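K.L.:
Structure file upload-v5.cif (mmCIF, C-alpha atoms, pLDDT in the B column; chains and numbers go by the auth columns) right here:
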data_start
#
loop_
_atom_site.group_PDB
_atom_site.id
_atom_site.type_symbol
_atom_site.label_atom_id
_atom_site.label_comp_id
_atom_site.label_asym_id
_atom_site.label_seq_id
_atom_site.Cartn_x
_atom_site.Cartn_y
_atom_site.Cartn_z
_atom_site.B_iso_or_equiv
_atom_site.auth_seq_id
_atom_site.auth_asym_id
ATOM 1 C CA MET A 1 -26.986 8.142 -16.526 52.00 1 A
ATOM 2 C CA THR A 2 -24.529 5.899 -14.706 65.00 2 A
ATOM 3 C CA SER A 3 -25.505 3.611 -11.894 83.00 3 A
ATOM 4 C CA ALA A 4 -23.851 3.737 -8.482 82.00 4 A
ATOM 5 C CA ALA A 5 -21.987 0.491 -9.233 81.00 5 A
ATOM 6 C CA GLU A 6 -20.698 1.857 -12.546 86.00 6 A
ATOM 7 C CA GLN A 7 -19.494 5.031 -10.832 88.00 7 A
ATOM 8 C CA THR A 8 -17.810 2.984 -8.111 88.00 8 A
ATOM 9 C CA ARG A 9 -16.037 0.896 -10.777 89.00 9 A
ATOM 10 C CA SER A 10 -14.807 4.080 -12.409 91.00 10 A
ATOM 11 C CA ASP A 11 -13.631 5.432 -9.046 92.00 11 A
ATOM 12 C CA ILE A 12 -11.766 2.157 -8.380 93.00 12 A
ATOM 13 C CA VAL A 13 -9.873 2.576 -11.647 93.00 13 A
ATOM 14 C CA ALA A 14 -8.928 6.120 -10.630 94.00 14 A
ATOM 15 C CA MET A 15 -7.579 4.735 -7.325 93.00 15 A
ATOM 16 C CA LEU A 16 -5.147 2.288 -8.980 94.00 16 A
ATOM 17 C CA PRO A 17 -2.000 4.456 -8.624 94.00 17 A
ATOM 18 C CA ARG A 18 -2.696 5.040 -4.929 94.00 18 A
ATOM 19 C CA LEU A 19 -3.426 1.352 -4.338 94.00 19 A
ATOM 20 C CA ARG A 20 -0.199 0.416 -6.069 93.00 20 A
ATOM 21 C CA ARG A 21 1.824 2.835 -3.905 92.00 21 A
ATOM 22 C CA PHE A 22 0.229 1.435 -0.764 92.00 22 A
ATOM 23 C CA ALA A 23 0.789 -2.147 -1.901 92.00 23 A
ATOM 24 C CA ARG A 24 4.419 -1.369 -2.698 91.00 24 A
ATOM 25 C CA ALA A 25 4.855 0.016 0.816 88.00 25 A
ATOM 26 C CA LEU A 26 3.423 -3.223 2.177 87.00 26 A
ATOM 27 C CA THR A 27 5.305 -5.643 -0.062 87.00 27 A
ATOM 28 C CA GLY A 28 8.506 -3.779 -0.845 84.00 28 A
ATOM 29 C CA SER A 29 8.354 -4.987 -4.428 85.00 29 A
ATOM 30 C CA PRO A 30 6.737 -3.479 -7.531 89.00 30 A
ATOM 31 C CA ALA A 31 5.906 -6.940 -8.916 88.00 31 A
ATOM 32 C CA ASP A 32 4.342 -8.117 -5.660 90.00 32 A
ATOM 33 C CA ALA A 33 2.493 -4.806 -5.347 91.00 33 A
ATOM 34 C CA ASP A 34 0.934 -5.259 -8.784 93.00 34 A
ATOM 35 C CA ASP A 35 -0.170 -8.781 -7.864 92.00 35 A
ATOM 36 C CA ILE A 36 -1.686 -7.643 -4.561 93.00 36 A
ATOM 37 C CA VAL A 37 -3.512 -4.750 -6.247 94.00 37 A
ATOM 38 C CA GLN A 38 -4.915 -7.137 -8.829 94.00 38 A
ATOM 39 C CA ILE A 39 -6.197 -9.429 -6.068 94.00 39 A
ATOM 40 C CA ALA A 40 -7.647 -6.470 -4.143 94.00 40 A
ATOM 41 C CA VAL A 41 -9.413 -4.999 -7.165 94.00 41 A
ATOM 42 C CA GLU A 42 -10.857 -8.393 -8.081 94.00 42 A
ATOM 43 C CA ARG A 43 -12.185 -8.733 -4.534 94.00 43 A
ATOM 44 C CA ALA A 44 -13.596 -5.202 -4.567 93.00 44 A
ATOM 45 C CA LEU A 45 -15.355 -5.756 -7.891 92.00 45 A
ATOM 46 C CA MET A 46 -16.805 -9.068 -6.729 92.00 46 A
ATOM 47 C CA ARG A 47 -18.122 -7.356 -3.583 91.00 47 A
ATOM 48 C CA ILE A 48 -19.015 -3.987 -5.104 90.00 48 A
ATOM 49 C CA ASP A 49 -22.545 -4.323 -3.725 87.00 49 A
ATOM 50 C CA GLN A 50 -21.052 -4.323 -0.198 88.00 50 A
ATOM 51 C CA PHE A 51 -19.573 -0.846 -0.627 88.00 51 A
ATOM 52 C CA GLN A 52 -21.717 1.684 1.194 87.00 52 A
ATOM 53 C CA GLN A 53 -22.289 4.777 -0.922 86.00 53 A
ATOM 54 C CA GLY A 54 -21.401 7.946 0.961 86.00 54 A
ATOM 55 C CA THR A 55 -18.422 6.341 2.713 88.00 55 A
ATOM 56 C CA ARG A 56 -14.748 6.629 1.760 90.00 56 A
ATOM 57 C CA LEU A 57 -13.953 4.380 -1.178 92.00 57 A
ATOM 58 C CA ASP A 58 -10.222 4.789 -0.615 91.00 58 A
ATOM 59 C CA SER A 59 -10.449 3.510 2.979 90.00 59 A
ATOM 60 C CA TRP A 60 -12.503 0.518 1.794 93.00 60 A
ATOM 61 C CA LEU A 61 -9.975 -0.282 -0.948 94.00 61 A
ATOM 62 C CA PHE A 62 -6.949 0.190 1.326 93.00 62 A
ATOM 63 C CA SER A 63 -8.515 -2.265 3.798 92.00 63 A
ATOM 64 C CA ILE A 64 -9.103 -4.808 1.040 94.00 64 A
ATOM 65 C CA THR A 65 -5.524 -4.336 -0.218 94.00 65 A
ATOM 66 C CA ARG A 66 -4.096 -4.768 3.276 91.00 66 A
ATOM 67 C CA ASN A 67 -6.156 -7.907 3.829 91.00 67 A
ATOM 68 C CA ALA A 68 -5.015 -9.299 0.467 91.00 68 A
ATOM 69 C CA TRP A 69 -1.399 -8.777 1.535 90.00 69 A
ATOM 70 C CA ILE A 70 -2.023 -10.406 4.916 87.00 70 A
ATOM 71 C CA ASP A 71 -3.574 -13.405 3.147 86.00 71 A
ATOM 72 C CA GLU A 72 -0.621 -13.605 0.753 85.00 72 A
ATOM 73 C CA ALA A 73 1.930 -13.286 3.574 80.00 73 A
ATOM 74 C CA ARG A 74 0.206 -16.101 5.481 79.00 74 A
ATOM 75 C CA TRP A 75 0.153 -18.250 2.361 80.00 75 A
ATOM 76 C CA ARG A 76 3.849 -17.616 1.791 73.00 76 A
ATOM 77 C CA THR A 77 4.625 -18.555 5.368 74.00 77 A
ATOM 78 C CA ARG A 78 2.739 -21.829 4.995 71.00 78 A
ATOM 79 C CA HIS A 79 4.115 -22.679 1.568 62.00 79 A
ATOM 80 C CA GLY A 80 7.538 -21.031 1.644 60.00 80 A
ATOM 81 C CA LYS A 81 7.062 -19.488 -1.801 50.00 81 A
ATOM 82 C CA VAL A 82 7.381 -15.936 -3.077 48.00 82 A
ATOM 83 C CA PHE A 83 6.291 -14.026 -6.157 51.00 83 A
ATOM 84 C CA ALA A 84 8.833 -13.537 -8.907 49.00 84 A
ATOM 85 C CA PRO A 85 11.483 -10.889 -8.163 52.00 85 A
ATOM 86 C CA ALA A 86 11.394 -7.474 -9.796 51.00 86 A
ATOM 87 C CA GLU A 87 12.368 -7.402 -13.445 50.00 87 A
ATOM 88 C CA ALA A 88 16.050 -6.874 -14.147 46.00 88 A
ATOM 89 C CA GLY A 89 15.343 -4.188 -16.751 48.00 89 A
ATOM 90 C CA GLU A 90 13.410 -1.950 -14.373 51.00 90 A
ATOM 91 C CA GLN A 91 15.970 0.864 -14.671 50.00 91 A
ATOM 92 C CA VAL A 92 15.795 1.108 -18.476 48.00 92 A
ATOM 93 C CA GLY A 93 14.877 4.574 -19.700 50.00 93 A
ATOM 94 C CA PHE A 94 16.312 6.584 -16.830 49.00 94 A
ATOM 95 C CA GLY A 95 18.818 9.244 -17.708 52.00 95 A
ATOM 96 C CA GLY A 96 20.108 12.570 -16.637 55.00 96 A
ATOM 97 C CA GLU A 97 21.718 13.405 -13.352 56.00 97 A
ATOM 98 C CA ALA A 98 18.618 14.910 -11.690 56.00 98 A
ATOM 99 C CA GLU A 99 16.493 11.868 -12.522 55.00 99 A
ATOM 100 C CA VAL A 100 19.181 9.502 -11.263 50.00 100 A
ATOM 101 C CA HIS A 101 19.527 11.386 -7.959 48.00 101 A
ATOM 102 C CA ALA A 102 15.750 11.500 -7.505 53.00 102 A
ATOM 103 C CA LYS A 103 15.526 7.763 -8.212 55.00 103 A
ATOM 104 C CA LEU A 104 18.326 7.024 -5.723 52.00 104 A
ATOM 105 C CA GLU A 105 16.612 9.090 -3.021 58.00 105 A
ATOM 106 C CA ALA A 106 13.284 7.377 -3.678 58.00 106 A
ATOM 107 C CA ASP A 107 15.050 4.008 -3.537 68.00 107 A
ATOM 108 C CA ASP A 108 16.572 4.976 -0.168 72.00 108 A
ATOM 109 C CA VAL A 109 13.090 5.748 1.165 73.00 109 A
ATOM 110 C CA TRP A 110 11.645 2.443 -0.127 74.00 110 A
ATOM 111 C CA ILE A 111 14.571 0.517 1.354 79.00 111 A
ATOM 112 C CA ALA A 112 14.067 2.253 4.699 82.00 112 A
ATOM 113 C CA MET A 113 10.297 1.656 4.528 83.00 113 A
ATOM 114 C CA ARG A 114 10.881 -2.087 4.024 84.00 114 A
ATOM 115 C CA LYS A 115 12.943 -2.163 7.217 88.00 115 A
ATOM 116 C CA LEU A 116 10.071 -0.789 9.305 89.00 116 A
ATOM 117 C CA PRO A 117 7.802 -3.182 11.174 91.00 117 A
ATOM 118 C CA GLU A 118 4.678 -3.882 9.111 89.00 118 A
ATOM 119 C CA GLU A 119 2.311 -1.900 11.339 91.00 119 A
ATOM 120 C CA GLN A 120 4.524 1.203 11.121 91.00 120 A
ATOM 121 C CA ARG A 121 4.950 0.786 7.353 89.00 121 A
ATOM 122 C CA GLU A 122 1.164 0.593 6.896 88.00 122 A
ATOM 123 C CA ALA A 123 0.573 3.706 8.998 91.00 123 A
ATOM 124 C CA ILE A 124 3.263 5.721 7.183 89.00 124 A
ATOM 125 C CA ALA A 125 1.979 4.593 3.786 87.00 125 A
ATOM 126 C CA LEU A 126 -1.629 5.568 4.482 88.00 126 A
ATOM 127 C CA VAL A 127 -1.005 8.894 6.224 88.00 127 A
ATOM 128 C CA CYS A 128 2.236 10.215 4.747 84.00 128 A
ATOM 129 C CA VAL A 129 2.116 8.735 1.256 83.00 129 A
ATOM 130 C CA GLU A 130 -1.616 8.488 0.565 85.00 130 A
ATOM 131 C CA GLY A 131 -2.663 11.516 2.620 85.00 131 A
ATOM 132 C CA LEU A 132 -5.449 9.878 4.622 86.00 132 A
ATOM 133 C CA ALA A 133 -6.567 11.627 7.778 88.00 133 A
ATOM 134 C CA TYR A 134 -5.588 9.880 11.000 90.00 134 A
ATOM 135 C CA ARG A 135 -9.178 8.714 11.634 90.00 135 A
ATOM 136 C CA GLU A 136 -9.500 7.330 8.091 89.00 136 A
ATOM 137 C CA ALA A 137 -6.173 5.503 8.321 90.00 137 A
ATOM 138 C CA ALA A 138 -7.055 4.107 11.748 91.00 138 A
ATOM 139 C CA ASP A 139 -10.374 2.862 10.380 90.00 139 A
ATOM 140 C CA ALA A 140 -8.687 1.303 7.332 88.00 140 A
ATOM 141 C CA LEU A 141 -6.256 -0.539 9.607 90.00 141 A
ATOM 142 C CA GLY A 142 -8.892 -1.415 12.195 91.00 142 A
ATOM 143 C CA VAL A 143 -7.004 0.168 15.105 92.00 143 A
ATOM 144 C CA PRO A 144 -7.764 2.983 17.581 94.00 144 A
ATOM 145 C CA ILE A 145 -6.509 6.424 16.557 92.00 145 A
ATOM 146 C CA GLY A 146 -4.050 6.479 19.476 93.00 146 A
ATOM 147 C CA THR A 147 -2.465 3.269 18.199 94.00 147 A
ATOM 148 C CA LEU A 148 -2.140 4.767 14.724 92.00 148 A
ATOM 149 C CA THR A 149 -0.568 7.939 16.151 92.00 149 A
ATOM 150 C CA SER A 150 1.937 5.882 18.112 93.00 150 A
ATOM 151 C CA ARG A 151 2.857 3.785 15.064 92.00 151 A
ATOM 152 C CA LEU A 152 3.296 6.929 12.983 91.00 152 A
ATOM 153 C CA ALA A 153 5.557 8.563 15.555 92.00 153 A
ATOM 154 C CA ARG A 154 7.753 5.468 15.901 93.00 154 A
ATOM 155 C CA GLY A 155 7.816 4.929 12.135 90.00 155 A
ATOM 156 C CA ARG A 156 8.742 8.524 11.339 89.00 156 A
ATOM 157 C CA GLU A 157 11.492 8.498 13.940 91.00 157 A
ATOM 158 C CA ALA A 158 12.890 5.229 12.594 90.00 158 A
ATOM 159 C CA LEU A 159 12.793 6.541 9.006 86.00 159 A
ATOM 160 C CA GLN A 160 14.582 9.743 9.987 86.00 160 A
ATOM 161 C CA THR A 161 17.256 7.709 11.747 89.00 161 A
ATOM 162 C CA MET A 162 17.713 5.327 8.799 85.00 162 A
ATOM 163 C CA LEU A 163 17.663 8.040 6.149 83.00 163 A
ATOM 164 C CA GLY A 164 19.965 10.262 8.180 81.00 164 A
ATOM 165 C CA ALA A 165 22.444 7.394 8.423 63.00 165 A
ATOM 166 C CA ALA A 166 22.195 6.839 4.656 53.00 166 A
ATOM 167 C CA ARG A 167 23.453 10.349 3.886 51.00 167 A
#
The structure in this file should be written as structure tokens.
P.N.:
Amino acid sequence: MTSAAEQTRSDIVAMLPRLRRFARALTGSPADADDIVQIAVERALMRIDQFQQGTRLDSWLFSITRNAWIDEARWRTRHGKVFAPAEAGEQVGFGGEAEVHAKLEADDVWIAMRKLPEEQREAIALVCVEGLAYREAADALGVPIGTLTSRLARGREALQTMLGAAR
């Protein structure tokens, strides 16, 4: 029989791909995203007793990840330092025309996402990428649902404009 804490740990591990996607939307960098996810998971595991069973684990983890990024962004502002850039060999292993086109389209989306204001990028990442309901995303971001809806509308419109211009 597993305890609630053990089950929560297991559920956190299952959430890693989603946390990484969200962190990448926040940071714009796979390397930075990995670092932020590591910080967030460490924080979650240290505070696992604070998680309320019966509530949404993903919302709790997205909030922790967002707060970790905010802390890192503040630190960078104060210290003028950044994480290491993405590895130069990131493209190794890709081949075939379909894979290349898919990668280029995904890159276009990530580039456009990085150009969005942070609050729009967060809203798009939680609702459109991670599939959270509006209420859940609003709770994770600590904003009213109307604010989330407004950020989503502006973000989607900006993405359509940027991606339409890229074609």
K.L.:
List every protein, DNA or RNA residue that has an atom no more than 12 Å from (11.3, -2.2, 11.1) in the file's coordinate frame, counting all atoms listed in the file, and report them as a PDB file with C-alpha atoms, in the coordinates of the input.
P.N.:
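The new file point.pdb reads:
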ATOM      1  CA  LEU A  26       3.423  -3.223   2.177  1.00 87.00           C
ATOM      2  CA  ILE A 111      14.571   0.517   1.354  1.00 79.00           C
ATOM      3  CA  ALA A 112      14.067   2.253   4.699  1.00 82.00           C
ATOM      4  CA  MET A 113      10.297   1.656   4.528  1.00 83.00           C
ATOM      5  CA  ARG A 114      10.881  -2.087   4.024  1.00 84.00           C
ATOM      6  CA  LYS A 115      12.943  -2.163   7.217  1.00 88.00           C
ATOM      7  CA  LEU A 116      10.071  -0.789   9.305  1.00 89.00           C
ATOM      8  CA  PRO A 117       7.802  -3.182  11.174  1.00 91.00           C
ATOM      9  CA  GLU A 118       4.678  -3.882   9.111  1.00 89.00           C
ATOM     10  CA  GLU A 119       2.311  -1.900  11.339  1.00 91.00           C
ATOM     11  CA  GLN A 120       4.524   1.203  11.121  1.00 91.00           C
ATOM     12  CA  ARG A 121       4.950   0.786   7.353  1.00 89.00           C
ATOM     13  CA  GLU A 122       1.164   0.593   6.896  1.00 88.00           C
ATOM     14  CA  ILE A 124       3.263   5.721   7.183  1.00 89.00           C
ATOM     15  CA  ARG A 151       2.857   3.785  15.064  1.00 92.00           C
ATOM     16  CA  ARG A 154       7.753   5.468  15.901  1.00 93.00           C
ATOM     17  CA  GLY A 155       7.816   4.929  12.135  1.00 90.00           C
ATOM     18  CA  ARG A 156       8.742   8.524  11.339  1.00 89.00           C
ATOM     19  CA  GLU A 157      11.492   8.498  13.940  1.00 91.00           C
ATOM     20  CA  ALA A 158      12.890   5.229  12.594  1.00 90.00           C
ATOM     21  CA  LEU A 159      12.793   6.541   9.006  1.00 86.00           C
ATOM     22  CA  THR A 161      17.256   7.709  11.747  1.00 89.00           C
ATOM     23  CA  MET A 162      17.713   5.327   8.799  1.00 85.00           C
TER      24      MET A 162
END
K.L.:
Fewer than 4 positions away in the same chain doesn't count, so skip those; otherwise give me all residues within 10 Å of Glu130 (chain A), counting all atoms listed in the file, as an mmCIF file with C-alpha atoms, keeping the file's coordinate frame.
P.N.:
data_model
loop_
_atom_site.group_PDB
_atom_site.id
_atom_site.type_symbol
_atom_site.label_atom_id
_atom_site.label_comp_id
_atom_site.auth_asym_id
_atom_site.auth_seq_id
_atom_site.Cartn_x
_atom_site.Cartn_y
_atom_site.Cartn_z
ATOM 1 C CA ARG A 18 -2.696 5.040 -4.929
ATOM 2 C CA LEU A 19 -3.426 1.352 -4.338
ATOM 3 C CA ARG A 21 1.824 2.835 -3.905
ATOM 4 C CA PHE A 22 0.229 1.435 -0.764
ATOM 5 C CA ASP A 58 -10.222 4.789 -0.615
ATOM 6 C CA PHE A 62 -6.949 0.190 1.326
ATOM 7 C CA ALA A 123 0.573 3.706 8.998
ATOM 8 C CA ILE A 124 3.263 5.721 7.183
ATOM 9 C CA ALA A 125 1.979 4.593 3.786
ATOM 10 C CA LEU A 126 -1.629 5.568 4.482
ATOM 11 C CA ALA A 137 -6.173 5.503 8.321
#
K.L.:
Between CA of Ala73 (chain A) and CA of Ala23 (chain A), what is the distance, to one decimal in Å?
P.N.:
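Atom-to-atom, CA of Ala73 (chain A) to CA of Ala23 (chain A), that is 12.5 Å.
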K.L.:
Between A:Ala138, A:Leu16, A:Ile145, A:Cys128, single out the one closest to Ala33 (chain A), counting only C-alpha atoms.
P.N.:
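When distances to Ala33 (chain A) are compared using only C-alpha atoms, the smallest one comes from A:Leu16.
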K.L.:
Pull the neighbourhood of (-4.1, -8.9, -0.4) for me: all residues within 10 Å in file coordinates, counting all atoms listed in the file, as a PDB file with C-alpha atoms, keeping the file's coordinate frame.
P.N.:
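Result saved to selection.pdb:
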ATOM      1  CA  ALA A  23       0.789  -2.147  -1.901  1.00 92.00           C
ATOM      2  CA  LEU A  26       3.423  -3.223   2.177  1.00 87.00           C
ATOM      3  CA  THR A  27       5.305  -5.643  -0.062  1.00 87.00           C
ATOM      4  CA  ASP A  32       4.342  -8.117  -5.660  1.00 90.00           C
ATOM      5  CA  ALA A  33       2.493  -4.806  -5.347  1.00 91.00           C
ATOM      6  CA  ASP A  35      -0.170  -8.781  -7.864  1.00 92.00           C
ATOM      7  CA  ILE A  36      -1.686  -7.643  -4.561  1.00 93.00           C
ATOM      8  CA  VAL A  37      -3.512  -4.750  -6.247  1.00 94.00           C
ATOM      9  CA  GLN A  38      -4.915  -7.137  -8.829  1.00 94.00           C
ATOM     10  CA  ILE A  39      -6.197  -9.429  -6.068  1.00 94.00           C
ATOM     11  CA  ALA A  40      -7.647  -6.470  -4.143  1.00 94.00           C
ATOM     12  CA  VAL A  41      -9.413  -4.999  -7.165  1.00 94.00           C
ATOM     13  CA  ARG A  43     -12.185  -8.733  -4.534  1.00 94.00           C
ATOM     14  CA  PHE A  62      -6.949   0.190   1.326  1.00 93.00           C
ATOM     15  CA  SER A  63      -8.515  -2.265   3.798  1.00 92.00           C
ATOM     16  CA  ILE A  64      -9.103  -4.808   1.040  1.00 94.00           C
ATOM     17  CA  THR A  65      -5.524  -4.336  -0.218  1.00 94.00           C
ATOM     18  CA  ARG A  66      -4.096  -4.768   3.276  1.00 91.00           C
ATOM     19  CA  ASN A  67      -6.156  -7.907   3.829  1.00 91.00           C
ATOM     20  CA  ALA A  68      -5.015  -9.299   0.467  1.00 91.00           C
ATOM     21  CA  TRP A  69      -1.399  -8.777   1.535  1.00 90.00           C
ATOM     22  CA  ILE A  70      -2.023 -10.406   4.916  1.00 87.00           C
ATOM     23  CA  ASP A  71      -3.574 -13.405   3.147  1.00 86.00           C
ATOM     24  CA  GLU A  72      -0.621 -13.605   0.753  1.00 85.00           C
ATOM     25  CA  ALA A  73       1.930 -13.286   3.574  1.00 80.00           C
TER      26      ALA A  73
END
K.L.:
In Å, with one decimal, what is the gap from CA of Glu6 (chain A) to CA of Trp60 (chain A)?
P.N.:
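Going from CA of Glu6 (chain A) over to CA of Trp60 (chain A) covers 16.6 Å.
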K.L.:
What's the separation between CA of Gly146 (chain A) and CA of Gln50 (chain A), in Å to one decimal place?
P.N.:
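Rounded to one decimal, the two atoms are 28.2 Å apart.
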K.L.:
Nearest residue to Gly54 (chain A) out of A:Ser29, A:Thr77, A:Ser3, A:Thr8, using only C-alpha atoms?
P.N.:
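Checking each candidate against Gly54 (chain A), we get A:Thr8 as the closest.
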K.L.:
Determine the axis-aligned bounding box of all atoms of region 32-47 of chain A present in the file, pad each side by 6 Å, and express its centre and edge lengths in Å to one decimal place as lines of an AutoDock Vina configuration file.
P.N.:
center_x = -6.9
center_y = -7.1
center_z = -6.2
size_x = 34.5
size_y = 16.7
size_z = 17.2
K.L.:
If the PyMOL selection byres ((chain A and resi 135) around 12) were run on this exact file, what residues would it hold? Put them as a CSV table (one decimal) with C-alpha atoms, in the frame of the given file.
P.N.:
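Saved the output as out-v4.csv:
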chain,number,residue,atom,x,y,z
A,56,ARG,CA,-14.7,6.6,1.8
A,59,SER,CA,-10.4,3.5,3.0
A,123,ALA,CA,0.6,3.7,9.0
A,126,LEU,CA,-1.6,5.6,4.5
A,127,VAL,CA,-1.0,8.9,6.2
A,131,GLY,CA,-2.7,11.5,2.6
A,132,LEU,CA,-5.4,9.9,4.6
A,133,ALA,CA,-6.6,11.6,7.8
A,134,TYR,CA,-5.6,9.9,11.0
A,136,GLU,CA,-9.5,7.3,8.1
A,137,ALA,CA,-6.2,5.5,8.3
A,138,ALA,CA,-7.1,4.1,11.7
A,139,ASP,CA,-10.4,2.9,10.4
A,140,ALA,CA,-8.7,1.3,7.3
A,141,LEU,CA,-6.3,-0.5,9.6
A,142,GLY,CA,-8.9,-1.4,12.2
A,143,VAL,CA,-7.0,0.2,15.1
A,144,PRO,CA,-7.8,3.0,17.6
A,145,ILE,CA,-6.5,6.4,16.6
A,146,GLY,CA,-4.0,6.5,19.5
A,147,THR,CA,-2.5,3.3,18.2
A,148,LEU,CA,-2.1,4.8,14.7
A,149,THR,CA,-0.6,7.9,16.2
K.L.:
Taking into account only C-alpha atoms, which residue in the set A:Arg9, A:Gln160, A:Ala14, A:Ala153 is nearest to Met46 (chain A)?
P.N.:
A:Arg9
